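S.K.: Input: one structure, supplied below.
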Amino acid sequence: VVNDTRVIPARLSGRRGEAGIEVTLHKQQESDVWRAFAKPARRLHIGDRIDFPGDLSASVQQKGEGGEVILAFDQAGGELASALEAVGTMPLPPYIKRGQPNSADSDDYQTVFATHPGAVAAPTAGLHFTPSVLTALKARGVDRVAITLHVGAGTFLPVRSDDVTDHVMHAEWGSISADAAAAVNRTRARGGRVIAGGTTALRLLESAAAADGTVKQFEGDTDLFILPGYRFKVVRQLLTNFHLPKSTLFMLVCAFAGTARMKAAYRHAVAAEYRFYSYGDACLLNIQDAA
């Protein structure tokens, strides 16, 4: 099960008067309204106008914690999408230190499944798939189905709370079609394994699953926060990258494969100099109670 979201050029450089403002969109609220992270947010006040290149502008509707703001743009819908394509850049993660995204990132930071625009971060496990890999999987009898979760920039936020249950997950919009749900349920019914192509696909599947593991058609937001002790209902294997320390994603893989196993795996990955994070290596995990 793969995530077919498409990353939009969600990073914008603008000005409030003489002050430069960097904005990273992370969740669309309405056709002209986005939640975003602004830097430096302290310079912004409710009602301020931010001007971007190409005659695009936005006003600050609300301010939240951690640099989050709600912006109302002067364009909406397809017009706004076109403006973002014209003046925005790919929202590479903050730990990629080589400065501005280059032209190659427009393709490199998209998966081969990318279809539905709306993500502001790539579902990075999908970056490991190529047409030849997909052909080989099909030849081995592996079926594939796509679902959509528009990954938000909140996926990069570290957990800073002493009590991890106090951490607030940013909601992300997802969709599972009736056909996709039926395909997953057929696989489970015949004793097959459901393999999530990334943590985003896993979280959406688990969000849409009933207690008995039956996956339902789904459309809406999910803020599912998976911690050790969570009982997985659908997914039996997980393909995923090596994640940041103190992240919700590392907590998820610990819940899936076992904390001791994952700490040992990460020690091996560091010693063997595996690449971590978005453009890094991947591992295939078995659920901890699986043979």
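How things are named: the first chain in the structure tokens is A, the next is B, and so on; residues count from 1 in each chain; ligands count from 1 in the order shown.
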What residues in stretch 11-248 of chain A get the DSSP label strand (DSSP E)? Please answer as a compact mmCIF listing (two decimals) with C-alpha atoms, in the first residue's frame.
M.R.:
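Final output, saved to part_32.txt:
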# COMPACT_ATOMS: atom_id res chain seq x y z
CA ARG A 11 8.00 27.17 0.64
CA LEU A 12 7.63 30.89 0.01
CA SER A 13 9.91 33.87 0.55
CA GLY A 14 8.07 37.13 1.17
CA ARG A 15 8.26 40.47 2.88
CA ARG A 16 6.26 42.30 5.52
CA ALA A 19 11.33 42.51 6.89
CA GLY A 20 11.93 39.21 5.12
CA ILE A 21 9.55 36.37 6.03
CA GLU A 22 9.98 32.68 5.15
CA VAL A 23 6.77 30.66 5.01
CA THR A 24 6.24 26.91 4.76
CA LEU A 25 2.64 25.90 4.13
CA HIS A 26 1.57 22.72 5.89
CA LYS A 27 -2.22 22.25 5.72
CA GLN A 28 -4.91 23.75 3.55
CA GLN A 29 -7.97 24.94 5.47
CA GLU A 30 -10.00 26.47 2.64
CA VAL A 33 -6.50 29.64 3.55
CA TRP A 34 -3.47 27.65 4.71
CA ARG A 35 -1.89 26.81 8.01
CA ALA A 36 1.82 27.59 7.78
CA PHE A 37 5.04 27.90 9.73
CA ALA A 38 6.54 31.39 9.48
CA LYS A 39 10.08 32.48 10.27
CA ARG A 49 0.14 41.49 4.98
CA ILE A 50 2.97 39.42 3.50
CA ASP A 51 3.90 40.12 -0.12
CA PHE A 52 5.38 37.35 -2.24
CA LEU A 56 0.80 37.02 -4.57
CA SER A 57 0.02 38.18 -1.04
CA ALA A 58 -1.51 36.86 2.16
CA SER A 59 -2.81 38.31 5.41
CA VAL A 60 -2.19 36.84 8.86
CA GLN A 61 -5.50 35.65 10.30
CA GLN A 62 -4.24 33.89 13.43
CA LYS A 63 -1.01 33.16 15.29
CA GLU A 68 2.48 28.58 13.26
CA VAL A 69 0.20 31.09 11.54
CA ILE A 70 -2.97 30.94 9.48
CA LEU A 71 -2.70 32.82 6.20
CA ALA A 72 -5.51 34.01 3.93
CA PHE A 73 -4.22 34.47 0.37
CA HIS A 116 -2.72 14.11 -6.10
CA PRO A 117 -1.17 17.50 -5.17
CA GLY A 118 -1.35 18.57 -1.54
CA ALA A 119 1.64 17.32 0.44
CA ALA A 146 -2.54 3.52 -3.66
CA ILE A 147 -4.09 5.68 -0.95
CA THR A 148 -3.57 9.40 -0.33
CA LEU A 149 -2.26 11.19 2.76
CA GLU A 172 -3.26 15.58 7.89
CA TRP A 173 -5.92 14.98 5.23
CA GLY A 174 -6.24 11.50 3.80
CA SER A 175 -8.39 9.44 1.48
CA ILE A 176 -8.89 5.71 0.94
CA ILE A 195 2.83 -4.08 3.65
CA ALA A 196 2.80 -0.32 4.19
CA GLY A 197 5.06 1.63 1.85
CA PHE A 218 -12.12 7.02 4.38
CA GLU A 219 -11.90 10.73 3.66
CA GLY A 220 -10.93 13.34 6.22
CA ASP A 221 -8.28 14.34 8.74
CA THR A 222 -6.21 12.04 10.89
CA GLN A 237 5.29 -5.19 7.41
CA LEU A 238 6.57 -1.65 7.00
CA LEU A 239 9.07 -0.16 4.56
CA THR A 240 10.47 3.01 6.09
CA ASN A 241 13.50 5.28 6.18
S.K.: At a cut-off of 8 Å, using only C-alpha atoms, what residues contact A:Pro131? Leave out same-chain residues fewer than 3 positions from it and give the result as a PyMOL selection string.
M.R.: chain A and resi 112+134-135
S.K.: With only C-alpha atoms as the basis for distance, which of A:Pro94, A:Gly77, A:Gly47, A:Gly126 is at the shortest distance from A:Asp108?
M.R.: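 Once distances to A:Asp108 are computed over only C-alpha atoms, the minimum belongs to A:Gly126.
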S.K.: Closest to A:Thr214 among A:Ala181, A:Met262, A:Val133, A:Leu244, using only C-alpha atoms?
M.R.: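 Among the listed residues, A:Ala181 lies closest to A:Thr214.
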S.K.: Record the distance separating atom CA of A:Phe250 and atom CA of A:Asn185, expressed in Å with one decimal.
M.R.: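 Atom CA of A:Asn185 lies at a distance of 27.5 Å from atom CA of A:Phe250.
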S.K.: Using only C-alpha atoms, which residue out of A:Gln217, A:Ser247, A:Asn286, A:Asn102 lies closest to A:Val235?
M.R.: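 Checking each of A:Gln217, A:Ser247, A:Asn286, A:Asn102 against A:Val235, counting only C-alpha atoms, the winner is A:Asn286.
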S.K.: Which of these residues is nearest to A:Lys263, using only C-alpha atoms: A:Gly66, A:Asp32, A:His243, A:Arg275?
M.R.: A:His243
S.K.: As an NGL selection string, list the residues of stretch 22-259 of chain A assigned to alpha helix (DSSP H) by DSSP on the backbone atoms of this structure.
M.R.: :A and (77-87 or 105-108 or 131-139 or 178-189 or 199-207 or 248-257 or 259)
S.K.: May I ask which of the residues A:Asp281, A:Asp223, A:Glu65, A:Asp74 is the closest one to A:Gly152, counting only C-alpha atoms?
M.R.: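 When distances to A:Gly152 are compared using only C-alpha atoms, the smallest one comes from A:Asp223.
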S.K.: Which residue gives the smallest distance to A:Leu227 among A:Ala211, A:Met251, A:Phe242, A:Asp107, with only C-alpha atoms counted?
M.R.: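 The closest residue to A:Leu227 is A:Met251.
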S.K.: To one decimal place in Å, what is the distance between atom CA of A:Val215 and atom CA of A:Ala182?
M.R.: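 It comes out at 7.6 Å.
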